[in-house]
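**Student:** For reference, the structure I am asking about is given below.
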Amino acid sequence: MSSGLQHRFVFGVNGAIKQNIDYVEDSMICYVAGHNIVMYDQVEKRQRFIHGNEEAHGISSFALCPSKKYIAIAEKSEPAEIFVYNVRTCRKFKHLQYKQWVTREVASMAFSADNQLLLTLGSAPDFTLVCWNWNKAKVLSTIQVSETLSLNQTSFSPLDASVCCVSGKDRLSFYRVLDNELRLIPSSPLAATNVLCHVWLKQPEDHMVIGTDDGDLLVYEKSNLLCRLAQAPKNLEKSDAEKLETGNRSIRVESLCALSKGFIAGCSNSTFRLYSLLQEKPKDAKDMFYLVQTWSVNDHVQEVMSMTISPNEDSLMAVLSDNQIFHSSIVSPANLKNDDMKPVMCEFHGPGAITGMDLCVRKPFCVTCGMDRSIRIWNYLDFKVEMFKYFNEDPYSVAFHPTGLHLLVGFADKLRLMNVLMDDIRPYREFSIKGCRECCFSNGGQYFAAVNGNVICIFEFYTGDKVFDLRGHSSKVKGLSWGADDSTLISCGQDGAVYQWNVAKGIRMGDFVQKGTLYNCAIGNNEMVWAVGSDRFIKELELPDLNTVKEVDGGVVLGQIVLSHSEHCMFATTAVDKRPGSVRAYAFPLTGDYLEYPCLGGPITRMRISHNDQFLFVADDKGSLIVFAVKDKSEKRSLTGKDSSVGAMSWSEEVLVTKSDLEEKQALMQELGTKVDELALHNEYQLRLKDMNYQEKIKETTEKYTQDLEQDKNKYELLREEKNDMEMEYDERLKQMDEKHQHELQELEGGYQQKIMGEVERYQHLCHERDLQKDRWDSQQRILIETHEKYVAELTEDFEQKLDEDKQLRMQYEEEKNDAQREFDEVRHQLEDDIDTEIQNLRVKYDQQLANEREATLRFKGENGIMKKKFTVLQKDIEDQKEEIKSLLEKEKELHEQIKALEREIQAHKREIKSRDDTIGEKEKKIYELKKKNQELEKFKFVLDYKIKELKRQIEPRETEISNMKNQIKDMDRELEQFHKSNAQLDLMIGELRGKLDGMQKEILAQRKVIGDQESLMRRCKGELHDAAQVIQNPTLLAEKISAIYKQHVVKQSVAKDGVDINVQNEYQRHQQFLERTLSSLKLKFNQDVKKHKSINLKLMEENIQIIQEISAQRDQNKLKKQMLAAKLGDLKLRSQRESATPATVSPRLSTGGGLVDQVEANKRRIIELRRTVKEMENEIVN
């Protein structure tokens, strides 16, 4: 075959399959569409496909394993078959088939949580539950669940892989998976309850929710019925919309999916209900879940057949029974609305068949119509819907004008011409043709043909006039095809007739009739006509008489055929009831060889090929549309090749717009322009106001932060002094610590050097063993690779020799053929003058030789096909060898990982030994230090006793000073409390005064409004008096106008005067003056208090500074005393060393040296506490 097909995009989904959608990744979903598993990437807008088998009758169910690496697909056959595919490579991994199955299809499948087991539930008549070890393609256990009751779903427990569940009509059974059997677990019985779906919950664990056909939700704990939910759809009152949609019928719970803390129920009226788990345990179990939100899909009153949640639980996907996929975000479920449910790609046809399809020449558009009463225009380059519209009648056929600006649609009542506008499809002319099943435009677009029963009507497009009625068919016409130059028309019908018509004269040019055959489609070129029908043959008819030249057996009924415009390949579709539709690519000229591509789930109703031969479009009776890319296998490019794209016109971008729509849009643009200008002015005004406010805030904050900066500077100076003192102390300590650590480090290095040497020897021994093992594995790997390469080289050499022999034979036969042809030509020229009988004999003789040569060429083609099959078998063997090499490499990786793990263990042991040695050294060092300190303390115990009493005498006056300072601080605290109280009272007074000021301002605004009203009234009175003065010469008119002015104004003014009393106004003025005086006096008092408060704060700051200076002086004295004490201790050490030979009696003063040190430390702590209190006081003053 020189041409092939590649799946590009599928528009549609099988809505009748339960559990028909799942997430492969965060942005990728998989579902069943036609005879394929489609994996759609929502980010890249691309699709990948796993195709069904050619022999299967369709896909019944699928299941994705929890690890998302493998997918199991169940196909209808006798018996049913299951195939496991690798999701990443889309290649077949395992084939599962249970020989004892009687059923033709699998109703439901489920993987266990550990990805080891696969559970399959067969449908009628046996309803057998089979548990597989799918990795080994082995049946572990089986059981017949039911004989008469229908079952629809099975699943594994997410916590225990040995527990599974089966649900259906009047049944919910739990089973335990054992080695050789499925054992029934006792559970609560269900009577007269049709279970439609169930789901295992994540929280609480080991709980399950089941949905029924009467809208009830039941919660099971393990295998026992826990409760019936109080807020189930059955118990909730229907809304007005639901009453209109469902009437008296109950709302069914069709599907369920679990959340981390709840679940979502999909109901029969395209309604979704989200339930959440109560945080606290309720008194009654039926209230454990509460309804959070209810929403539905607009304009779709269908069953929610399948649902799935994204891995991070932020998105919901749902498949409806009308073959639509919708999604919505559930990040904030309480705010969900009907408008949040949106199509994933676009809305598809469904659930009825696609009845018409056609392509545009000047635009990359495909138009379809279906039994859902919609017309859709698809963009097959961007894979999206450009436009769609619903109608009140069923459209039976559709045709696209070559310009892409007009449509011809056959409805049940009339045939309508429509304009394709920018955002609408609008009819503009009608023809009285009812139920037109076939219509098409001519290639140039100047004519269109439409079928009216068994009559073909030809119309002129631009005038709408009927040109001819082509009569000749005795039954319904099923197919129409225009000739390349629009001068001829080919038709076929259910009467078994294929006709060629002359459009210019309205007469029949050729006919072919075969009674008893229903022809579905007929096409032609300048030389031949091809037709397919119920006789399962492709008939090749020769023009102009339509005589049969060739018949190609298709094996099954073929529904549609198309011929590529380059005439490289012919495509045909199968139309067998209850079987998946397939597309066949036949070699052209027809030889009977073809490649078959199963694609759709039912008989194919329409097929078209693009005018550049790059895309093939196929539609079926389920509402699905598939786009194929047509590839040329011999040249690795499209059928048209590179030469066809040279000089080709670019796609047209023109659209139709009505004058009224254009005027409306221009008016709308003007309105929006004025609104934009108004908003710009308003925004500028608002920005200026904000700038002014921000400038004022910046000034306030800068003043505040300058004050804070000055205070922080003072604090910084104090802290820097303390920091310097601390640095001096810690430098001395660090020097001592360094000397000690250097000594300890030398000792530890000597001890651990020997241990390290031993570990190094052991490590070298392990490395030697590792290298030996690595060399052994490398040699084995090289041997395997060499043997494999030799085997592949031998195979390639054998096949190359065979191919060379075949080529030589072919060349030899071609030379013999050429020689025979030359001899024949010479004999013909020599014997032209001979009698006719001799010419006839010679012609017969050479015809026989030609027939023999054709048979030989056909035989060689068959042998070539056999060689190709052998070559594919050898390629499979090569792939198996590659897999074995991969497994050996994986083993080698495992060994490397084991070596690394052992090395890590060695390092861990080394670290542990080192840490233990460190702890032992530290403990020994501490013991040595403690002994040394004990000796020193015993030496100086008697020496330091006499210093304690002297230090006590020096400490007593300092304690008196500290107590005095404490009393001063307490007095200052009392004063600060009084200041805080006075500030709080002042704040209250200021708040009251501000409230009074606000009231006064409101009253002033009211008075201003009254004054404004009075002034406007006066202006109106003046105007009316001026008007009256104009008619001063006419007393009657003057009297009428004066009386009207009096009635309008004088009465109102009297009422207004009566409304406001003079005494009230005087009282208001006195009250205002009193408030102003009180406000001024309060401001003066507040300013005086602020000045007084500042002076007190300054005084306190000065006293604190004096206290800090005294503390620093005390610190200096303590340092001097420490130095003196250290010098005296040094002298005492020297004396004790000198007089160690002669023991002397120590004075009782020296025995009290230890107590003196304790008192010094207590004094230090006391000073630190005083500093802390002083800082707290400073913070309170600042605040």
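Going through the structure tokens in order, the chains are called A, B, and so on, while each chain numbers its residues from 1 and the ligands are numbered from 1 in the order shown.
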Write out as a PyMOL selection string the residues lying within 12 Å of Lys1083 in chain A, counting only C-alpha atoms and excluding same-chain residues fewer than 3 positions away.
**Tutor:** chain A and resi 986-987+989-990+993+1076-1080+1086-1090
**Student:** Find the residues around Asn525 in chain A up to 9 Å (only C-alpha atoms counted), leave out those fewer than 3 positions away in its own chain, and share them as a list in words.
**Tutor:**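 Near Asn525 in chain A, the qualifying residues are Gly483, Ala484, Met528, Val529 and Leu563 of chain A.
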**Student:** Mind checking which residues fall within 9 Å of Gly554 in chain A, counting only C-alpha atoms, ignoring those fewer than 5 positions away in the same chain, and posting them as a PyMOL selection string?
**Tutor:** chain A and resi 536-538+574+592
**Student:** Tell me which protein, DNA and RNA residues are within 10 Å of Lys69 in chain A, counting only C-alpha atoms, leaving out same-chain ones fewer than 6 positions away, and put them as a PDB file with C-alpha atoms, in the first residue's frame.
**Tutor:**
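Saved file selection-v9.pdb follows:
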```pdb
ATOM      1  CA  VAL A  24      -4.257  10.088  33.428  1.00  0.00           C
ATOM      2  CA  TYR A  85      -1.793  -1.370  27.392  1.00  0.00           C
ATOM      3  CA  ASN A  86       1.122   0.768  28.529  1.00  0.00           C
ATOM      4  CA  VAL A  87      -0.255   4.314  28.868  1.00  0.00           C
ATOM      5  CA  ARG A  88       3.004   6.061  27.983  1.00  0.00           C
ATOM      6  CA  THR A  89       3.831   4.051  24.842  1.00  0.00           C
ATOM      7  CA  ASN A 115      -1.820  -2.455  41.191  1.00  0.00           C
TER       8      ASN A 115
END
```
**Student:** Can you pull out the residues contacting Tyr586 in chain A? Cut-off 12 Å, using only C-alpha atoms, and skip same-chain residues under 2 positions away; I want them as a PDB file with N, CA, C and O atoms, in the first residue's frame.
**Tutor:**
```pdb
ATOM      1  N   MET A   1       0.847  -1.201   0.000  1.00  0.00           N
ATOM      2  CA  MET A   1       0.000   0.000   0.000  1.00  0.00           C
ATOM      3  C   MET A   1       0.882   1.249   0.000  1.00  0.00           C
ATOM      4  O   MET A   1       1.845   1.342   0.751  1.00  0.00           O
ATOM      5  N   SER A   2       0.554   2.208  -0.876  1.00  0.00           N
ATOM      6  CA  SER A   2       1.336   3.440  -0.961  1.00  0.00           C
ATOM      7  C   SER A   2       0.804   4.530  -0.054  1.00  0.00           C
ATOM      8  O   SER A   2       1.493   5.498   0.199  1.00  0.00           O
ATOM      9  N   SER A   3      -0.452   4.401   0.447  1.00  0.00           N
ATOM     10  CA  SER A   3      -1.057   5.453   1.262  1.00  0.00           C
ATOM     11  C   SER A   3      -1.644   4.844   2.517  1.00  0.00           C
ATOM     12  O   SER A   3      -2.093   3.697   2.519  1.00  0.00           O
ATOM     13  N   GLY A   4      -1.630   5.617   3.597  1.00  0.00           N
ATOM     14  CA  GLY A   4      -2.182   5.163   4.866  1.00  0.00           C
ATOM     15  C   GLY A   4      -2.859   6.302   5.598  1.00  0.00           C
ATOM     16  O   GLY A   4      -2.817   7.458   5.183  1.00  0.00           O
ATOM     17  N   LEU A   5      -3.490   5.972   6.740  1.00  0.00           N
ATOM     18  CA  LEU A   5      -4.240   6.941   7.541  1.00  0.00           C
ATOM     19  C   LEU A   5      -3.654   6.999   8.940  1.00  0.00           C
ATOM     20  O   LEU A   5      -3.171   5.996   9.467  1.00  0.00           O
ATOM     21  N   ILE A 538     -17.245  -3.766  -4.733  1.00  0.00           N
ATOM     22  CA  ILE A 538     -16.951  -2.467  -5.340  1.00  0.00           C
ATOM     23  C   ILE A 538     -16.966  -2.681  -6.844  1.00  0.00           C
ATOM     24  O   ILE A 538     -16.121  -3.409  -7.393  1.00  0.00           O
ATOM     25  N   VAL A 552     -14.623  -5.951  -7.114  1.00  0.00           N
ATOM     26  CA  VAL A 552     -13.727  -6.240  -5.983  1.00  0.00           C
ATOM     27  C   VAL A 552     -14.595  -6.614  -4.793  1.00  0.00           C
ATOM     28  O   VAL A 552     -15.460  -5.827  -4.369  1.00  0.00           O
ATOM     29  N   ASP A 553     -14.380  -7.819  -4.265  1.00  0.00           N
ATOM     30  CA  ASP A 553     -15.164  -8.318  -3.139  1.00  0.00           C
ATOM     31  C   ASP A 553     -14.688  -7.637  -1.857  1.00  0.00           C
ATOM     32  O   ASP A 553     -13.513  -7.725  -1.490  1.00  0.00           O
ATOM     33  N   GLY A 554     -15.621  -6.965  -1.160  1.00  0.00           N
ATOM     34  CA  GLY A 554     -15.287  -6.306   0.097  1.00  0.00           C
ATOM     35  C   GLY A 554     -15.472  -7.176   1.315  1.00  0.00           C
ATOM     36  O   GLY A 554     -14.975  -6.844   2.391  1.00  0.00           O
ATOM     37  N   ILE A 561     -17.688   5.576  -0.287  1.00  0.00           N
ATOM     38  CA  ILE A 561     -16.375   5.525  -0.929  1.00  0.00           C
ATOM     39  C   ILE A 561     -16.009   6.925  -1.385  1.00  0.00           C
ATOM     40  O   ILE A 561     -16.889   7.731  -1.732  1.00  0.00           O
ATOM     41  N   VAL A 562     -14.694   7.220  -1.355  1.00  0.00           N
ATOM     42  CA  VAL A 562     -14.165   8.467  -1.910  1.00  0.00           C
ATOM     43  C   VAL A 562     -12.863   8.145  -2.614  1.00  0.00           C
ATOM     44  O   VAL A 562     -12.153   7.197  -2.246  1.00  0.00           O
ATOM     45  N   LEU A 563     -12.549   8.927  -3.628  1.00  0.00           N
ATOM     46  CA  LEU A 563     -11.306   8.792  -4.375  1.00  0.00           C
ATOM     47  C   LEU A 563     -10.496  10.060  -4.181  1.00  0.00           C
ATOM     48  O   LEU A 563     -11.029  11.177  -4.291  1.00  0.00           O
ATOM     49  N   SER A 564      -9.208   9.901  -3.825  1.00  0.00           N
ATOM     50  CA  SER A 564      -8.363  11.080  -3.646  1.00  0.00           C
ATOM     51  C   SER A 564      -8.262  11.837  -4.970  1.00  0.00           C
ATOM     52  O   SER A 564      -8.315  11.250  -6.050  1.00  0.00           O
ATOM     53  N   GLU A 567      -5.791  10.696  -7.244  1.00  0.00           N
ATOM     54  CA  GLU A 567      -6.065   9.336  -7.725  1.00  0.00           C
ATOM     55  C   GLU A 567      -4.940   8.367  -7.375  1.00  0.00           C
ATOM     56  O   GLU A 567      -4.550   7.508  -8.149  1.00  0.00           O
ATOM     57  N   HIS A 568      -4.423   8.529  -6.131  1.00  0.00           N
ATOM     58  CA  HIS A 568      -3.423   7.589  -5.616  1.00  0.00           C
ATOM     59  C   HIS A 568      -4.056   6.505  -4.767  1.00  0.00           C
ATOM     60  O   HIS A 568      -3.459   5.441  -4.600  1.00  0.00           O
ATOM     61  N   CYS A 569      -5.209   6.798  -4.175  1.00  0.00           N
ATOM     62  CA  CYS A 569      -5.801   5.857  -3.227  1.00  0.00           C
ATOM     63  C   CYS A 569      -7.313   6.049  -3.201  1.00  0.00           C
ATOM     64  O   CYS A 569      -7.823   7.143  -3.476  1.00  0.00           O
ATOM     65  N   MET A 570      -8.023   4.948  -2.903  1.00  0.00           N
ATOM     66  CA  MET A 570      -9.475   4.981  -2.736  1.00  0.00           C
ATOM     67  C   MET A 570      -9.799   4.524  -1.317  1.00  0.00           C
ATOM     68  O   MET A 570      -9.204   3.555  -0.822  1.00  0.00           O
ATOM     69  N   PHE A 571     -10.733   5.219  -0.673  1.00  0.00           N
ATOM     70  CA  PHE A 571     -11.129   4.902   0.693  1.00  0.00           C
ATOM     71  C   PHE A 571     -12.582   4.443   0.695  1.00  0.00           C
ATOM     72  O   PHE A 571     -13.433   5.031   0.009  1.00  0.00           O
ATOM     73  N   ALA A 572     -12.866   3.400   1.478  1.00  0.00           N
ATOM     74  CA  ALA A 572     -14.220   2.867   1.617  1.00  0.00           C
ATOM     75  C   ALA A 572     -14.498   2.612   3.088  1.00  0.00           C
ATOM     76  O   ALA A 572     -13.576   2.379   3.887  1.00  0.00           O
ATOM     77  N   THR A 573     -15.776   2.660   3.472  1.00  0.00           N
ATOM     78  CA  THR A 573     -16.173   2.450   4.871  1.00  0.00           C
ATOM     79  C   THR A 573     -17.125   1.271   4.967  1.00  0.00           C
ATOM     80  O   THR A 573     -17.883   0.989   4.037  1.00  0.00           O
ATOM     81  N   VAL A 583     -12.513   2.097   8.245  1.00  0.00           N
ATOM     82  CA  VAL A 583     -12.142   2.734   6.990  1.00  0.00           C
ATOM     83  C   VAL A 583     -11.096   1.859   6.318  1.00  0.00           C
ATOM     84  O   VAL A 583     -10.122   1.439   6.960  1.00  0.00           O
ATOM     85  N   ARG A 584     -11.315   1.586   5.023  1.00  0.00           N
ATOM     86  CA  ARG A 584     -10.372   0.782   4.258  1.00  0.00           C
ATOM     87  C   ARG A 584      -9.669   1.669   3.234  1.00  0.00           C
ATOM     88  O   ARG A 584     -10.331   2.447   2.529  1.00  0.00           O
ATOM     89  N   PHE A 588      -4.815   2.024  -5.624  1.00  0.00           N
ATOM     90  CA  PHE A 588      -5.459   2.454  -6.866  1.00  0.00           C
ATOM     91  C   PHE A 588      -4.438   2.480  -7.987  1.00  0.00           C
ATOM     92  O   PHE A 588      -3.332   3.003  -7.800  1.00  0.00           O
ATOM     93  N   PRO A 589      -4.719   1.886  -9.130  1.00  0.00           N
ATOM     94  CA  PRO A 589      -5.954   1.191  -9.542  1.00  0.00           C
ATOM     95  C   PRO A 589      -6.278  -0.016  -8.654  1.00  0.00           C
ATOM     96  O   PRO A 589      -5.397  -0.609  -8.058  1.00  0.00           O
ATOM     97  N   LEU A 590      -7.584  -0.366  -8.599  1.00  0.00           N
ATOM     98  CA  LEU A 590      -8.065  -1.372  -7.656  1.00  0.00           C
ATOM     99  C   LEU A 590      -7.466  -2.736  -7.963  1.00  0.00           C
ATOM    100  O   LEU A 590      -7.524  -3.225  -9.093  1.00  0.00           O
ATOM    101  N   THR A 591      -6.868  -3.344  -6.914  1.00  0.00           N
ATOM    102  CA  THR A 591      -6.364  -4.718  -7.012  1.00  0.00           C
ATOM    103  C   THR A 591      -6.995  -5.629  -5.974  1.00  0.00           C
ATOM    104  O   THR A 591      -6.788  -6.839  -6.005  1.00  0.00           O
ATOM    105  N   GLY A 592      -7.738  -5.066  -5.029  1.00  0.00           N
ATOM    106  CA  GLY A 592      -8.326  -5.845  -3.940  1.00  0.00           C
ATOM    107  C   GLY A 592      -7.537  -5.754  -2.651  1.00  0.00           C
ATOM    108  O   GLY A 592      -8.024  -6.148  -1.593  1.00  0.00           O
ATOM    109  N   ASP A 593      -6.287  -5.251  -2.701  1.00  0.00           N
ATOM    110  CA  ASP A 593      -5.477  -5.092  -1.488  1.00  0.00           C
ATOM    111  C   ASP A 593      -5.930  -3.834  -0.749  1.00  0.00           C
ATOM    112  O   ASP A 593      -6.188  -2.800  -1.369  1.00  0.00           O
ATOM    113  N   TYR A 594      -5.975  -3.935   0.580  1.00  0.00           N
ATOM    114  CA  TYR A 594      -6.389  -2.774   1.380  1.00  0.00           C
ATOM    115  C   TYR A 594      -5.826  -2.906   2.790  1.00  0.00           C
ATOM    116  O   TYR A 594      -5.429  -3.986   3.242  1.00  0.00           O
ATOM    117  N   LEU A 595      -5.772  -1.762   3.466  1.00  0.00           N
ATOM    118  CA  LEU A 595      -5.479  -1.686   4.901  1.00  0.00           C
ATOM    119  C   LEU A 595      -6.731  -1.187   5.606  1.00  0.00           C
ATOM    120  O   LEU A 595      -7.364  -0.236   5.156  1.00  0.00           O
ATOM    121  N   GLU A 596      -7.068  -1.837   6.737  1.00  0.00           N
ATOM    122  CA  GLU A 596      -8.306  -1.503   7.443  1.00  0.00           C
ATOM    123  C   GLU A 596      -7.966  -0.780   8.736  1.00  0.00           C
ATOM    124  O   GLU A 596      -7.062  -1.174   9.484  1.00  0.00           O
ATOM    125  N   TYR A 597      -8.728   0.302   9.032  1.00  0.00           N
ATOM    126  CA  TYR A 597      -8.514   1.130  10.222  1.00  0.00           C
ATOM    127  C   TYR A 597      -9.834   1.196  10.998  1.00  0.00           C
ATOM    128  O   TYR A 597     -10.738   1.943  10.631  1.00  0.00           O
TER     129      TYR A 597
END
```
**Student:** Using DSSP secondary structure from the backbone, list all strand (DSSP E) positions within range 299-506 of chain A, as a ChimeraX atom specification.
**Tutor:** /A:304-309,315-320,324-329,342-343,354-359,365-370,374-379,384-390,395-400,406-411,415-420,425-431,439-441,447-452,455-460,466-471,477-482,488-493,497-502
**Student:** So which residues touch range 263-275 of chain A within 6 Å, counting only C-alpha atoms, skipping near sequence neighbours fewer than 6 positions away, as a PyMOL selection string?
**Tutor:** chain A and resi 251-257+289-297+301-304
**Student:** Quick one: residues within 7 Å of range 618-630 of chain A, only C-alpha atoms, excluding same-chain residues fewer than 2 positions away - as a VMD selection string?
**Tutor:** chain A and resid 4 to 13 34 349 to 354 600 602 to 608 613 to 616 632 638 to 639
**Student:** Have a look at CA of Leu656 in chain A and CA of Pro427 in chain A and let me know their distance in Å, one decimal.
**Tutor:**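 Atom-to-atom, CA of Leu656 in chain A to CA of Pro427 in chain A, that is 12.9 Å.
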**Student:** Name the closest residue to Trp378 in chain A among the candidates A:Trp101, A:Phe617, A:Trp501, A:Trp482; distances are taken between atoms, counting only C-alpha atoms.
**Tutor:**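 Once distances to Trp378 in chain A are computed over only C-alpha atoms, the minimum belongs to A:Phe617.
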